[in-house]
Every structure is written in C-alpha cells, then in structure tokens.
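Data block for upload-v1.cif (mmCIF, C-alpha atoms):
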```
data_query
#
loop_
_atom_site.label_atom_id
_atom_site.label_comp_id
_atom_site.auth_asym_id
_atom_site.auth_seq_id
_atom_site.Cartn_x
_atom_site.Cartn_y
_atom_site.Cartn_z
CA ARG N 24 -118.21 -80.21 -143.83
CA PRO N 25 -119.58 -83.68 -144.60
CA ALA N 26 -117.40 -86.56 -143.50
CA ALA N 27 -116.17 -89.11 -146.03
CA ALA N 28 -117.67 -92.55 -145.76
CA ALA N 29 -115.42 -95.05 -143.97
CA PRO N 30 -114.58 -98.29 -145.73
CA PRO N 31 -116.14 -101.49 -144.39
CA GLY N 32 -114.38 -102.84 -141.27
CA ALA N 33 -112.49 -99.58 -140.61
CA PRO N 34 -112.44 -98.21 -137.03
CA ALA N 35 -115.25 -95.86 -136.32
CA PRO N 36 -114.02 -92.26 -136.06
CA ALA N 37 -114.21 -90.44 -132.76
CA GLY N 38 -117.42 -88.58 -132.25
CA THR N 39 -119.70 -90.99 -134.13
CA GLY N 40 -121.29 -92.31 -130.98
CA THR N 41 -119.63 -95.72 -131.21
CA SER N 42 -118.62 -96.85 -127.71
CA PRO N 43 -117.77 -100.05 -125.89
CA ALA N 44 -120.27 -102.74 -125.15
CA ARG N 45 -121.61 -103.14 -121.64
CA PRO N 46 -118.93 -104.59 -119.28
CA GLU N 47 -119.29 -107.98 -117.71
CA PRO N 48 -121.43 -108.15 -114.58
CA GLY N 49 -119.56 -107.11 -111.45
CA ARG N 50 -117.00 -104.95 -113.30
CA PRO N 51 -116.98 -101.14 -112.92
CA GLU N 52 -118.67 -99.27 -115.73
CA PRO N 53 -116.23 -97.51 -118.10
CA VAL N 54 -115.80 -93.80 -117.58
CA GLY N 55 -117.61 -91.66 -120.15
CA ALA N 56 -119.10 -94.62 -122.03
CA VAL N 57 -122.44 -94.41 -123.81
CA ARG N 58 -124.24 -97.71 -123.28
CA PRO N 59 -125.44 -98.94 -126.70
CA GLU N 60 -127.82 -101.86 -126.47
CA ALA N 61 -128.37 -101.50 -130.19
CA ALA N 62 -128.05 -98.84 -132.84
CA GLY N 63 -131.56 -97.63 -132.15
CA GLU N 64 -130.99 -97.39 -128.41
CA ALA N 65 -127.72 -95.54 -128.97
CA GLY N 66 -129.51 -93.04 -131.14
CA SER N 67 -132.23 -92.62 -128.53
CA ALA N 68 -129.59 -92.08 -125.85
CA ARG N 69 -127.87 -89.45 -127.95
CA ASN N 70 -131.13 -87.71 -128.70
CA GLY N 71 -132.08 -87.84 -125.05
CA ALA N 72 -128.74 -86.40 -123.94
CA ALA N 73 -128.99 -83.67 -126.52
CA ALA N 74 -132.52 -82.87 -125.48
CA LYS N 75 -131.49 -82.79 -121.83
CA ARG N 76 -128.62 -80.38 -122.50
CA GLY N 77 -130.58 -78.31 -125.01
CA ASP N 78 -128.76 -76.06 -127.40
CA GLY N 79 -126.55 -74.41 -124.76
CA PRO N 80 -122.87 -75.11 -124.10
CA VAL N 81 -121.91 -78.58 -122.91
CA PRO N 82 -120.63 -78.50 -119.29
CA VAL N 83 -116.93 -79.48 -119.20
CA ILE N 84 -114.42 -79.28 -116.37
CA SER N 85 -111.98 -76.98 -118.19
CA PRO N 86 -111.30 -75.33 -121.56
CA LEU N 87 -108.48 -77.83 -122.05
CA VAL N 88 -111.02 -80.65 -122.18
CA ARG N 89 -113.06 -78.78 -124.78
CA ARG N 90 -109.92 -78.20 -126.84
CA LEU N 91 -108.92 -81.88 -126.59
CA ALA N 92 -112.33 -82.92 -127.89
CA ARG N 93 -112.31 -80.38 -130.72
CA GLU N 94 -108.82 -81.34 -131.96
CA ASN N 95 -109.73 -85.03 -132.03
CA GLY N 96 -113.19 -84.71 -133.53
CA VAL N 97 -115.13 -85.80 -130.44
CA ASP N 98 -118.71 -84.51 -130.15
CA LEU N 99 -119.10 -83.59 -126.49
CA ARG N 100 -122.89 -83.81 -126.75
CA GLU N 101 -122.60 -87.55 -127.36
CA LEU N 102 -120.65 -88.18 -124.13
CA GLU N 103 -122.15 -88.92 -120.76
CA GLY N 104 -120.06 -87.03 -118.24
CA SER N 105 -118.90 -88.86 -115.13
CA GLY N 106 -118.39 -85.71 -113.08
CA PRO N 107 -120.85 -84.03 -110.74
CA GLU N 108 -124.19 -83.34 -112.48
CA GLY N 109 -122.95 -84.85 -115.72
CA LEU N 110 -119.80 -82.68 -115.92
CA ILE N 111 -117.56 -83.99 -118.71
CA LEU N 112 -114.06 -84.69 -117.49
CA ARG N 113 -110.85 -85.14 -119.41
CA ALA N 114 -111.02 -88.85 -118.61
CA ASP N 115 -114.34 -89.08 -120.47
CA VAL N 116 -112.86 -87.63 -123.66
CA GLU N 117 -109.73 -89.77 -123.42
CA TYR N 118 -111.81 -92.92 -122.98
CA ALA N 119 -113.93 -92.05 -125.99
CA LEU N 120 -110.75 -91.66 -128.05
CA ARG N 121 -109.44 -95.03 -126.88
CA ALA N 122 -112.75 -96.67 -127.68
CA ALA N 123 -112.82 -95.21 -131.18
CA ALA N 124 -109.25 -96.34 -131.85
CA ALA N 125 -110.02 -99.86 -130.71
CA GLY N 126 -112.13 -100.47 -133.82
CA ARG N 127 -114.23 -103.59 -133.57
CA LEU N 128 -115.22 -104.11 -129.98
CA ARG N 129 -115.47 -107.47 -128.37
CA SER N 130 -118.87 -108.31 -126.92
CA SER N 131 -117.27 -109.32 -123.61
CA ALA N 132 -114.84 -106.41 -123.39
CA THR N 133 -113.23 -105.80 -120.00
CA MET N 134 -112.05 -102.56 -118.55
CA GLU N 135 -108.52 -102.02 -117.23
CA PRO N 136 -108.14 -100.10 -113.99
CA TYR N 137 -108.34 -96.37 -114.40
CA PRO N 138 -104.88 -94.72 -114.56
CA ALA N 139 -103.66 -93.14 -111.34
CA GLN N 140 -104.40 -89.51 -112.18
CA ALA N 141 -106.41 -86.91 -110.37
CA VAL N 142 -109.83 -86.61 -111.97
CA GLY N 143 -109.57 -84.21 -114.88
CA LEU N 144 -106.62 -82.30 -113.38
CA GLY N 145 -103.74 -83.93 -115.24
CA VAL N 146 -101.55 -84.48 -112.17
CA ASP N 147 -100.17 -87.80 -110.98
CA THR N 148 -102.14 -88.23 -107.80
CA PRO N 149 -103.01 -91.78 -106.69
CA VAL N 150 -106.68 -92.74 -106.78
CA ALA N 151 -107.84 -95.10 -104.06
CA GLY N 152 -108.83 -98.61 -105.07
CA PRO N 153 -107.74 -100.87 -107.92
CA SER N 154 -110.08 -99.28 -110.45
CA TYR N 155 -111.88 -96.02 -110.98
CA ASP N 156 -115.22 -95.87 -109.15
CA ARG N 157 -117.59 -93.86 -111.31
CA ALA N 158 -120.27 -93.67 -108.67
CA ALA N 159 -117.82 -92.32 -106.12
CA ALA N 160 -116.58 -89.75 -108.62
CA SER N 161 -120.11 -88.59 -109.28
CA ALA N 162 -120.75 -88.29 -105.56
CA THR N 163 -117.63 -86.18 -105.06
CA SER N 164 -118.21 -82.50 -105.57
CA TYR N 165 -115.95 -80.37 -107.72
CA ALA N 166 -115.12 -78.29 -104.64
CA ASP N 167 -113.82 -81.43 -102.93
CA ILE N 168 -111.60 -82.21 -105.94
CA THR N 169 -110.05 -78.73 -106.06
CA SER N 170 -109.49 -78.68 -102.31
CA VAL N 171 -107.23 -81.73 -102.55
CA VAL N 172 -104.95 -80.41 -105.30
CA PRO N 173 -103.50 -76.89 -104.78
CA GLY N 174 -104.17 -74.45 -107.58
CA ALA N 175 -106.91 -76.60 -109.17
CA GLY N 176 -109.32 -73.74 -109.73
CA GLY N 177 -111.34 -71.31 -107.68
CA ALA N 178 -109.78 -69.31 -104.89
CA SER N 179 -106.99 -71.87 -104.45
CA ARG N 180 -105.34 -70.93 -107.76
CA GLY N 181 -102.29 -68.75 -107.15
CA ALA N 182 -102.86 -68.60 -103.38
CA THR N 183 -99.86 -67.40 -101.36
CA PRO N 184 -98.95 -69.43 -98.23
CA GLN N 185 -99.60 -67.50 -95.06
CA GLY N 186 -96.98 -67.09 -92.33
CA VAL N 187 -94.52 -64.74 -90.69
CA ARG N 188 -92.22 -62.99 -93.18
CA VAL N 189 -88.68 -62.19 -92.00
CA PRO N 190 -86.76 -59.77 -94.26
CA LEU N 191 -83.37 -61.00 -95.46
CA ARG N 192 -81.27 -57.96 -94.71
CA GLY N 193 -78.35 -56.93 -92.56
CA VAL N 194 -76.06 -59.71 -91.42
CA ARG N 195 -78.64 -62.40 -92.24
CA GLY N 196 -79.06 -61.07 -95.76
CA ALA N 197 -75.30 -60.92 -96.34
CA VAL N 198 -74.90 -64.49 -95.08
CA ALA N 199 -77.73 -65.67 -97.34
CA ASP N 200 -76.15 -64.05 -100.40
CA LYS N 201 -72.70 -65.45 -99.71
CA LEU N 202 -73.82 -68.99 -98.96
CA SER N 203 -76.09 -69.02 -102.01
CA ARG N 204 -73.20 -67.89 -104.19
CA SER N 205 -71.00 -70.61 -102.71
CA ARG N 206 -73.56 -73.28 -103.57
CA ARG N 207 -74.01 -71.95 -107.10
CA GLU N 208 -70.33 -71.57 -108.01
CA ILE N 209 -68.31 -74.09 -106.01
CA PRO N 210 -68.47 -77.83 -106.83
CA ASP N 211 -67.78 -78.89 -103.26
CA ALA N 212 -67.20 -82.32 -101.78
CA THR N 213 -66.84 -83.45 -98.17
CA CYS N 214 -64.74 -86.08 -96.44
CA TRP N 215 -64.57 -86.84 -92.74
CA VAL N 216 -62.72 -88.95 -90.19
CA ASP N 217 -62.95 -89.76 -86.47
CA ALA N 218 -59.86 -88.99 -84.40
CA ASP N 219 -58.74 -89.75 -80.85
CA ALA N 220 -58.21 -86.32 -79.28
CA THR N 221 -57.22 -87.63 -75.85
CA GLU N 222 -53.54 -86.69 -76.17
CA LEU N 223 -54.36 -83.26 -77.61
CA MET N 224 -56.57 -82.50 -74.60
CA GLN N 225 -53.80 -83.71 -72.26
CA ALA N 226 -51.25 -81.52 -74.04
CA ARG N 227 -53.50 -78.47 -73.66
CA ARG N 228 -53.92 -79.13 -69.93
CA ALA N 229 -50.15 -79.41 -69.57
CA MET N 230 -49.60 -76.11 -71.42
CA ASN N 231 -52.10 -74.25 -69.26
CA ALA N 232 -50.75 -75.82 -66.05
CA ALA N 233 -47.30 -74.38 -66.83
CA GLY N 234 -48.49 -70.81 -66.29
CA GLY N 235 -48.78 -67.90 -68.68
CA PRO N 236 -51.68 -67.06 -70.98
CA LYS N 237 -54.22 -69.80 -71.41
CA ILE N 238 -54.15 -71.71 -74.69
CA SER N 239 -57.54 -72.32 -76.26
CA LEU N 240 -58.47 -75.53 -78.04
CA LEU N 241 -59.35 -73.45 -81.11
CA ALA N 242 -55.81 -72.07 -81.17
CA LEU N 243 -54.31 -75.58 -81.14
CA LEU N 244 -56.60 -76.63 -83.98
CA ALA N 245 -55.66 -73.49 -85.91
CA ARG N 246 -51.96 -74.28 -85.45
CA ILE N 247 -52.61 -77.76 -86.82
CA CYS N 248 -54.46 -76.24 -89.80
CA THR N 249 -51.60 -73.91 -90.73
CA ALA N 250 -49.14 -76.81 -90.56
CA ALA N 251 -51.41 -78.91 -92.79
CA LEU N 252 -51.83 -76.07 -95.30
CA ALA N 253 -48.05 -75.80 -95.56
CA ARG N 254 -48.02 -79.43 -96.68
CA PHE N 255 -51.10 -79.14 -98.91
CA PRO N 256 -51.10 -75.58 -100.32
CA GLU N 257 -53.78 -76.47 -102.89
CA LEU N 258 -56.38 -75.94 -100.17
CA ASN N 259 -55.14 -72.40 -99.42
CA SER N 260 -56.18 -71.04 -102.79
CA THR N 261 -58.98 -69.48 -104.79
CA VAL N 262 -60.33 -69.95 -108.31
CA ASP N 263 -60.34 -67.19 -110.94
CA MET N 264 -62.90 -68.48 -113.44
CA ASP N 265 -62.54 -65.44 -115.71
CA ALA N 266 -58.87 -66.27 -116.25
CA ARG N 267 -59.52 -70.00 -115.71
CA GLU N 268 -56.71 -70.16 -113.15
CA ILE N 269 -56.22 -71.53 -109.65
CA VAL N 270 -54.48 -68.92 -107.50
CA ARG N 271 -52.43 -70.50 -104.70
CA LEU N 272 -51.95 -68.03 -101.87
CA ASP N 273 -48.72 -67.55 -99.94
CA GLN N 274 -50.27 -66.26 -96.73
CA VAL N 275 -52.80 -68.02 -94.51
CA HIS N 276 -55.53 -65.68 -93.30
CA LEU N 277 -57.57 -68.00 -91.12
CA GLY N 278 -61.27 -67.33 -90.68
CA PHE N 279 -63.31 -68.89 -87.89
CA ALA N 280 -67.08 -69.06 -87.63
CA ALA N 281 -68.53 -67.17 -84.67
CA GLN N 282 -72.22 -67.18 -83.71
CA THR N 283 -73.44 -63.84 -82.32
CA GLU N 284 -76.80 -62.31 -81.45
CA ARG N 285 -76.61 -60.49 -84.80
CA GLY N 286 -76.04 -63.71 -86.70
CA LEU N 287 -73.14 -65.76 -88.02
CA VAL N 288 -69.89 -63.87 -88.67
CA VAL N 289 -66.47 -65.08 -89.79
CA PRO N 290 -63.65 -62.95 -88.32
CA VAL N 291 -60.21 -63.43 -89.91
CA VAL N 292 -56.88 -63.96 -88.14
CA ARG N 293 -54.28 -62.30 -90.37
CA ASP N 294 -51.06 -64.17 -91.10
CA ALA N 295 -52.09 -67.12 -88.97
CA HIS N 296 -49.16 -69.16 -90.32
CA THR N 297 -46.70 -66.83 -88.51
CA ARG N 298 -48.34 -67.08 -85.08
CA ASP N 299 -47.70 -69.58 -82.33
CA ALA N 300 -50.36 -71.06 -80.05
CA GLU N 301 -50.20 -68.12 -77.63
CA GLY N 302 -50.47 -65.54 -80.42
CA LEU N 303 -53.38 -67.39 -82.00
CA SER N 304 -55.21 -67.63 -78.65
CA ALA N 305 -54.80 -63.89 -78.07
CA GLU N 306 -56.08 -62.97 -81.54
CA PHE N 307 -59.02 -65.36 -81.28
CA GLY N 308 -59.93 -63.79 -77.96
CA ARG N 309 -59.78 -60.25 -79.35
CA LEU N 310 -61.88 -61.03 -82.41
CA THR N 311 -64.42 -63.03 -80.44
CA GLU N 312 -64.96 -60.13 -78.03
CA ALA N 313 -65.31 -57.70 -80.94
CA ALA N 314 -67.88 -60.00 -82.55
CA ARG N 315 -69.82 -60.18 -79.29
CA THR N 316 -69.90 -56.39 -78.90
CA GLY N 317 -70.52 -55.68 -82.57
CA THR N 318 -67.28 -53.74 -83.09
CA LEU N 319 -65.71 -55.85 -85.82
CA THR N 320 -64.34 -53.78 -88.70
CA PRO N 321 -64.70 -54.66 -92.39
CA ALA N 322 -60.99 -55.57 -92.37
CA ASP N 323 -61.70 -58.09 -89.59
CA LEU N 324 -64.31 -59.82 -91.73
CA THR N 325 -62.71 -59.96 -95.18
CA GLY N 326 -59.72 -61.50 -96.91
CA GLY N 327 -59.86 -65.01 -95.44
CA THR N 328 -58.12 -67.85 -97.30
CA PHE N 329 -59.25 -70.84 -95.18
CA THR N 330 -61.96 -71.25 -92.53
CA LEU N 331 -62.05 -73.28 -89.31
CA ASN N 332 -65.56 -74.07 -88.04
CA ASN N 333 -65.86 -75.45 -84.51
CA TYR N 334 -69.52 -76.49 -84.53
CA GLY N 335 -68.86 -78.83 -81.62
CA VAL N 336 -69.69 -75.91 -79.31
CA PHE N 337 -73.33 -76.45 -80.34
CA GLY N 338 -73.22 -80.04 -79.09
CA VAL N 339 -73.20 -81.76 -82.49
CA ASP N 340 -70.83 -84.43 -83.74
CA GLY N 341 -70.63 -83.75 -87.46
CA SER N 342 -71.63 -81.49 -90.31
CA THR N 343 -71.05 -80.85 -94.01
CA PRO N 344 -69.82 -77.22 -94.02
CA ILE N 345 -70.58 -74.76 -96.81
CA ILE N 346 -67.33 -73.28 -98.10
CA ASN N 347 -66.87 -69.57 -97.41
CA HIS N 348 -66.67 -68.16 -100.95
CA PRO N 349 -64.15 -67.44 -102.53
CA GLU N 350 -62.07 -69.80 -100.40
CA ALA N 351 -61.37 -73.38 -101.42
CA ALA N 352 -61.90 -75.34 -98.20
CA MET N 353 -63.27 -75.39 -94.68
CA LEU N 354 -62.41 -77.68 -91.77
CA GLY N 355 -65.26 -78.59 -89.43
CA VAL N 356 -64.70 -79.85 -85.89
CA GLY N 357 -67.40 -81.64 -83.89
CA ARG N 358 -67.71 -82.03 -80.15
CA ILE N 359 -65.09 -84.02 -78.25
CA ILE N 360 -66.81 -86.72 -76.18
CA PRO N 361 -65.85 -89.99 -74.47
CA LYS N 362 -66.37 -93.00 -76.75
CA PRO N 363 -65.23 -96.62 -76.92
CA TRP N 364 -62.00 -96.73 -78.93
CA VAL N 365 -59.34 -99.31 -79.69
CA HIS N 366 -56.15 -97.86 -78.21
CA GLN N 367 -52.86 -99.81 -78.42
CA GLY N 368 -54.76 -102.98 -79.26
CA GLU N 369 -57.23 -102.75 -76.39
CA LEU N 370 -60.72 -101.33 -76.04
CA ALA N 371 -60.70 -98.15 -73.98
CA VAL N 372 -62.74 -95.02 -73.40
CA ARG N 373 -61.09 -92.15 -75.27
CA GLN N 374 -61.93 -88.54 -76.16
CA VAL N 375 -63.10 -88.78 -79.78
CA VAL N 376 -63.83 -86.00 -82.27
CA GLN N 377 -65.18 -86.06 -85.82
CA LEU N 378 -63.36 -83.90 -88.36
CA SER N 379 -64.89 -82.97 -91.73
CA LEU N 380 -63.32 -81.18 -94.67
CA ALA N 381 -65.39 -79.48 -97.37
CA PHE N 382 -63.24 -78.65 -100.38
CA ASP N 383 -63.57 -77.16 -103.84
CA HIS N 384 -63.12 -80.05 -106.25
CA ARG N 385 -61.72 -77.66 -108.86
CA VAL N 386 -58.55 -77.02 -106.86
CA CYS N 387 -57.72 -80.62 -105.93
CA ASP N 388 -58.89 -84.20 -106.04
CA GLY N 389 -59.94 -86.48 -103.20
CA GLY N 390 -56.40 -87.74 -102.66
CA THR N 391 -55.12 -84.29 -101.72
CA ALA N 392 -58.15 -83.53 -99.55
CA GLY N 393 -57.84 -86.91 -97.84
CA GLY N 394 -54.13 -86.37 -97.24
CA PHE N 395 -54.82 -82.99 -95.63
CA LEU N 396 -57.53 -84.38 -93.38
CA ARG N 397 -55.46 -87.40 -92.41
CA TYR N 398 -52.53 -85.16 -91.44
CA VAL N 399 -54.85 -83.04 -89.28
CA ALA N 400 -56.19 -86.19 -87.61
CA ASP N 401 -52.64 -87.46 -86.98
CA CYS N 402 -51.73 -84.18 -85.29
CA VAL N 403 -54.88 -84.34 -83.15
CA GLU N 404 -54.07 -87.90 -82.10
CA GLN N 405 -50.31 -87.30 -81.64
CA PRO N 406 -49.54 -83.58 -81.09
CA ALA N 407 -45.82 -84.44 -81.15
CA VAL N 408 -46.16 -84.73 -84.95
CA LEU N 409 -46.18 -80.93 -85.00
CA LEU N 410 -42.67 -80.78 -83.58
CA ARG N 411 -41.34 -81.57 -87.05
CA THR N 412 -42.61 -78.23 -88.35
CA LEU N 413 -42.10 -75.98 -85.28
#
```
How does this structure look as structure tokens?
Amino acid sequence: RPAAAAPPGAPAPAGTGTSPARPEPGRPEPVGAVRPEAAGEAGSARNGAAAKRGDGPVPVISPLVRRLARENGVDLRELEGSGPEGLILRADVEYALRAAAAGRLRSSATMEPYPAQAVGLGVDTPVAGPSYDRAAASATSYADITSVVPGAGGASRGATPQGVRVPLRGVRGAVADKLSRSRREIPDATCWVDADATELMQARRAMNAAGGPKISLLALLARICTAALARFPELNSTVDMDAREIVRLDQVHLGFAAQTERGLVVPVVRDAHTRDAEGLSAEFGRLTEAARTGTLTPADLTGGTFTLNNYGVFGVDGSTPIINHPEAAMLGVGRIIPKPWVHQGELAVRQVVQLSLAFDHRVCDGGTAGGFLRYVADCVEQPAVLLRTL
C-alpha cells in the first residue's frame, strides 16, 4: 500500500534508501551502509544493486534476518551486504535501522566501534580489534564463521560430542542417584578446622602396645563421633518434609565410606553409640572385609543416621563431603601429617589433621555445627576429654 508522505524534517523511514554520509578518511566504513554521494547516485546504486540481484530472493544469512527486515519495513534490496558475496547479515539490517532513526545525518558523521557480537549469529562472542573490519568480514567465509560457534548452521547444528559412554548402572548408578538427590534436597553447608592429632596417635599406640585386639584409628574417630552426637543430637536426625518435621533419632547407626573395586559403598555399624573402641574396631573390620569381597547385605548398607568419611587414606588434606541422604551430617577426616604447630607456646612439629563437617542447615545453625566440630577437635587433641563420657 502507498506510504503516507512524511512531514518536512521528519526522520526518513527505514527502507527508503537514506543512509549515513561517507565516514571521515581513515575510519572504517559502516556495516551495511549505502554510500550516497547525492540523491541521483543513491538511486543509481539502488538500481544497480537491484539489477545485479535480479528478481530472485535476496541472499540473507538466516530467516531471522529476513523477518527482522520485514517487521521494521527495511527493503533488503536496498542494502549492500557485508557478508561473503554480498550476503546480508543481521548487522546490516540493524545498522540500517539505526541510521533511519538518527534522522538528519551530520556530514562528518563518525562510526562507533561495532558491538562485540558474532557476525549475524546473535551470540556474545568478542570480535578482534577496536572496530568492525568490513573487509575482513567479507574475506571470511561463512563456513569459517559457523566453525567457530557450535550449532551455527550446517552439520554442526545439533552435533553430539563424541567419546566413550559409560552406563550409569549398578553401584555407580545407585551412587549417582543418591548423591544427586542429596544435592537437590539438602541445603548443606560445610565448616572445617585443623586439629593437633599427636596425642590421639600416641594414645592409640599405647592401647595397641598393651596387648589384645588392635584398635584402629577409624574406631577412635567413631567413638569421638558418638560422644559428640550425644552432646549435639540435632546432627543425628533426618528431615520429613511431607510432615515438615525434624526427626531426632535415639540410636546412632554410623556409616563409613569404603572404596571398593565395585565403587563407593557406605556400610553401617549398628548401634555404634553402645560399642567401645574394641567393638567398633571389630565391626569395622568385618564390614570392610565384606565390602572387599562383595558380600555386604542390604541391611549392612541401609539405615545409617550419621556418616564418617576418612578420605585421608587417599592422601588428601580436605574435602567438602556430600551428605548421605537422608542423613543430616557427615564428618570428613583428612590425612594426618607432620606440620609446624604452636604447642604450649612454642613452635613444634606436630601431627595435624583437617576435620570438615557437612551439615543440613535445616536441622541446625552454624553455632550447633561449629560446637560439634570443635568438640570433635578437642577430643582429637586431648583424648582424655572422652573420659568424662565413658
């Protein structure tokens, strides 16, 4: 339909062929600009472009560019594409729209640097140089452009990365499901502290030197955990979101992470709070052997209320454990190594361990979690503290 005549001085509508004047010498030429020396030359340029393209479809980089031009009244035949072989890019249409909205153009107009976007692809990819180099863009093939940005057309669109696929099933699949559920449902937080374990190691050596069954370090740490849970029962609990209740548990069923050839398993020591160091060592030994031989029963692997993770056996100092759903906390223990430490006001080499506690923030706040971890550290540093609860 015929367009209404614009009033004098009004901005020229998009698609009329009006475009910026020639830039100053030495500046890059604007993208998609038609160079009007005068009205007659502009008309000749338009006629020449139309004659060159003929009556066929105008080459554009994507249907989105054609739609952008149609919705804003831009005649694509009047644009000089800056892409390969005159291909009209999205940048060309956008520049024509900016030029039309500018209204009266200054004779010495300057061009701002081209925005940092991939050419015609609509993704924020930096473009080298302070301004857009039209000549370089014309020299770059469309295949080169799509090879840089994944999914930018051609065979690259929807391509699936190649590699070795390992099915998530068996023990690995069960671990993946449980850890993913823990991350989704539990708002966990972690706190940690370094502790001087020199006296704990000396106490263990003294116990084993006295004869009888050997006491494992894991058993001593488990005994410390049960004593700490008696003082801070909030961490021996679970959350029932359906009833919106925190369920504090009376019994401590202590799980411990064990790495096997079949994957990570968490056997559970039943009623750990009723066992002494010898009883805990014996049960840890039994469950560890069953894990190694693959003879753990479902009852051995379920029902835990708190987990102890001794990742120090892998030679690492610290970690942020993932809570074993539906429990509320997990204590992580790093390796025990000699480190400089201030002991009784003097610098000495001591056996130092890092302890970390991951806890469900729904069951307690940081004060409770910090109190639990500090009590564990005190017992590690001074095992005699446990005598108050034995």
- prompt: If we count only C-alpha atoms, what is near region 329-338 of chain N at a cut-off of 7 Å, once residues fewer than 2 positions away on the same chain are taken out, given as a list in words?
  reply: Asn259, His276, Leu277, Gly278, Phe279, Ala280, Gly327, Asp340, Glu350, Ala352, Met353, Leu354, Gly355, Val356, Gly357 and Arg358 of chain N
query: Quick one, how far is CA of Asp98 (chain N) from CA of Val81 (chain N)?
result: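 Computing the Euclidean distance for CA of Asp98 (chain N) and CA of Val81 (chain N) yields 9.9 Å.
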query: Residues at most 8 Å from region 187-202 of chain N, counting all atoms listed in the file, excluding those fewer than 5 positions away in the same chain, as number ranges by chain?
result: N: 285-288, 345-348
- prompt: Can you list, as a ChimeraX atom specification, every protein, DNA or RNA residue that comes within 10 Å of Arg411 (chain N) when you count all atoms listed in the file, leaving out same-chain residues fewer than 3 positions away?
  reply: /N:250,407-408
Result set, the PyMOL selection byres ((chain N and resi 113) around 6) on current file, as a list in words: Val88, Leu112, Ala114, Asp115, Val116 and Gly143 of chain N
Proximity to Met264 (chain N) - best of N:Pro349, N:Gly106, N:Pro80, N:Gly368, only C-alpha atoms: N:Pro349
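For the pair CA of Thr249 (chain N) and CA of His296 (chain N), the interatomic distance is 5.4 Å.
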task: Report as a ChimeraX atom specification the full result of the PyMOL selection byres ((chain N and resi 227) around 10) when it is applied to this structure.
output: /N:222-226,228-232,237-240,243,406
message: One decimal, in Å: what's the spacing between CA of Leu272 (chain N) and CA of Ala251 (chain N)?
response: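 Here the two named atoms are 14.2 Å from each other.
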query: Within 12 Å of Thr316 (chain N), counting all atoms listed in the file, which residues qualify if same-chain residues fewer than 6 places away don't, as number ranges by chain?
result: N: 283-285, 309-310
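In terms of minimum interatomic distance to Asp211 (chain N), N:His384 ranks closest within N:His384, N:Gly394, N:Val403, N:Leu370, counting only C-alpha atoms.
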task: To verify the selection step, state as a ChimeraX atom specification which residues the PyMOL selection byres ((chain N and resi 110) around 10) yields on this input.
output: /N:81-85,102-109,111-113,115,161,165
field: Non-local contacts of Ile269 (chain N) (8 Å; all atoms listed in the file; under 3 positions in same chain excluded) as number ranges by chain
entry: N: 260-263, 386
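Restricting the calculation to all atoms listed in the file, the smallest distance between Pro361 (chain N) and any of N:Ala119, N:Ala92, N:Ala218, N:Leu244 is found for N:Ala218.
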Local residues around (-63.3, -93.4, -76.9), at most 10 Å away, using all atoms listed in the file, as a PDB file with C-alpha atoms, in the coordinates of the input:
```pdb
ATOM      1  CA  ALA N 218     -59.860 -88.990 -84.400  1.00  0.00           C
ATOM      2  CA  ASP N 219     -58.740 -89.750 -80.850  1.00  0.00           C
ATOM      3  CA  ALA N 220     -58.210 -86.320 -79.280  1.00  0.00           C
ATOM      4  CA  THR N 221     -57.220 -87.630 -75.850  1.00  0.00           C
ATOM      5  CA  ILE N 359     -65.090 -84.020 -78.250  1.00  0.00           C
ATOM      6  CA  ILE N 360     -66.810 -86.720 -76.180  1.00  0.00           C
ATOM      7  CA  PRO N 361     -65.850 -89.990 -74.470  1.00  0.00           C
ATOM      8  CA  LYS N 362     -66.370 -93.000 -76.750  1.00  0.00           C
ATOM      9  CA  PRO N 363     -65.230 -96.620 -76.920  1.00  0.00           C
ATOM     10  CA  TRP N 364     -62.000 -96.730 -78.930  1.00  0.00           C
ATOM     11  CA  VAL N 365     -59.340 -99.310 -79.690  1.00  0.00           C
ATOM     12  CA  HIS N 366     -56.150 -97.860 -78.210  1.00  0.00           C
ATOM     13  CA  LEU N 370     -60.720-101.330 -76.040  1.00  0.00           C
ATOM     14  CA  ALA N 371     -60.700 -98.150 -73.980  1.00  0.00           C
ATOM     15  CA  VAL N 372     -62.740 -95.020 -73.400  1.00  0.00           C
ATOM     16  CA  ARG N 373     -61.090 -92.150 -75.270  1.00  0.00           C
ATOM     17  CA  GLN N 374     -61.930 -88.540 -76.160  1.00  0.00           C
ATOM     18  CA  VAL N 375     -63.100 -88.780 -79.780  1.00  0.00           C
ATOM     19  CA  VAL N 376     -63.830 -86.000 -82.270  1.00  0.00           C
TER      20      VAL N 376
END
```
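Comparing the minimum interatomic distances between Leu258 (chain N) and each of N:Pro290, N:Pro236, N:Gly389, N:Gly341, counting only C-alpha atoms, we find that N:Gly389 sits nearest.
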Nearest candidate to Val275 (chain N) (options N:Gly302, N:Gly390, N:Gly326, N:Gly308; using all atoms listed in the file):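 So, comparing all the options, the nearest one is N:Gly326.
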- prompt: Of the candidates N:Thr320, N:Val270, N:Leu252, N:Thr213, which one gets nearest to Leu378 (chain N) if we count all atoms listed in the file?
  reply: N:Thr213
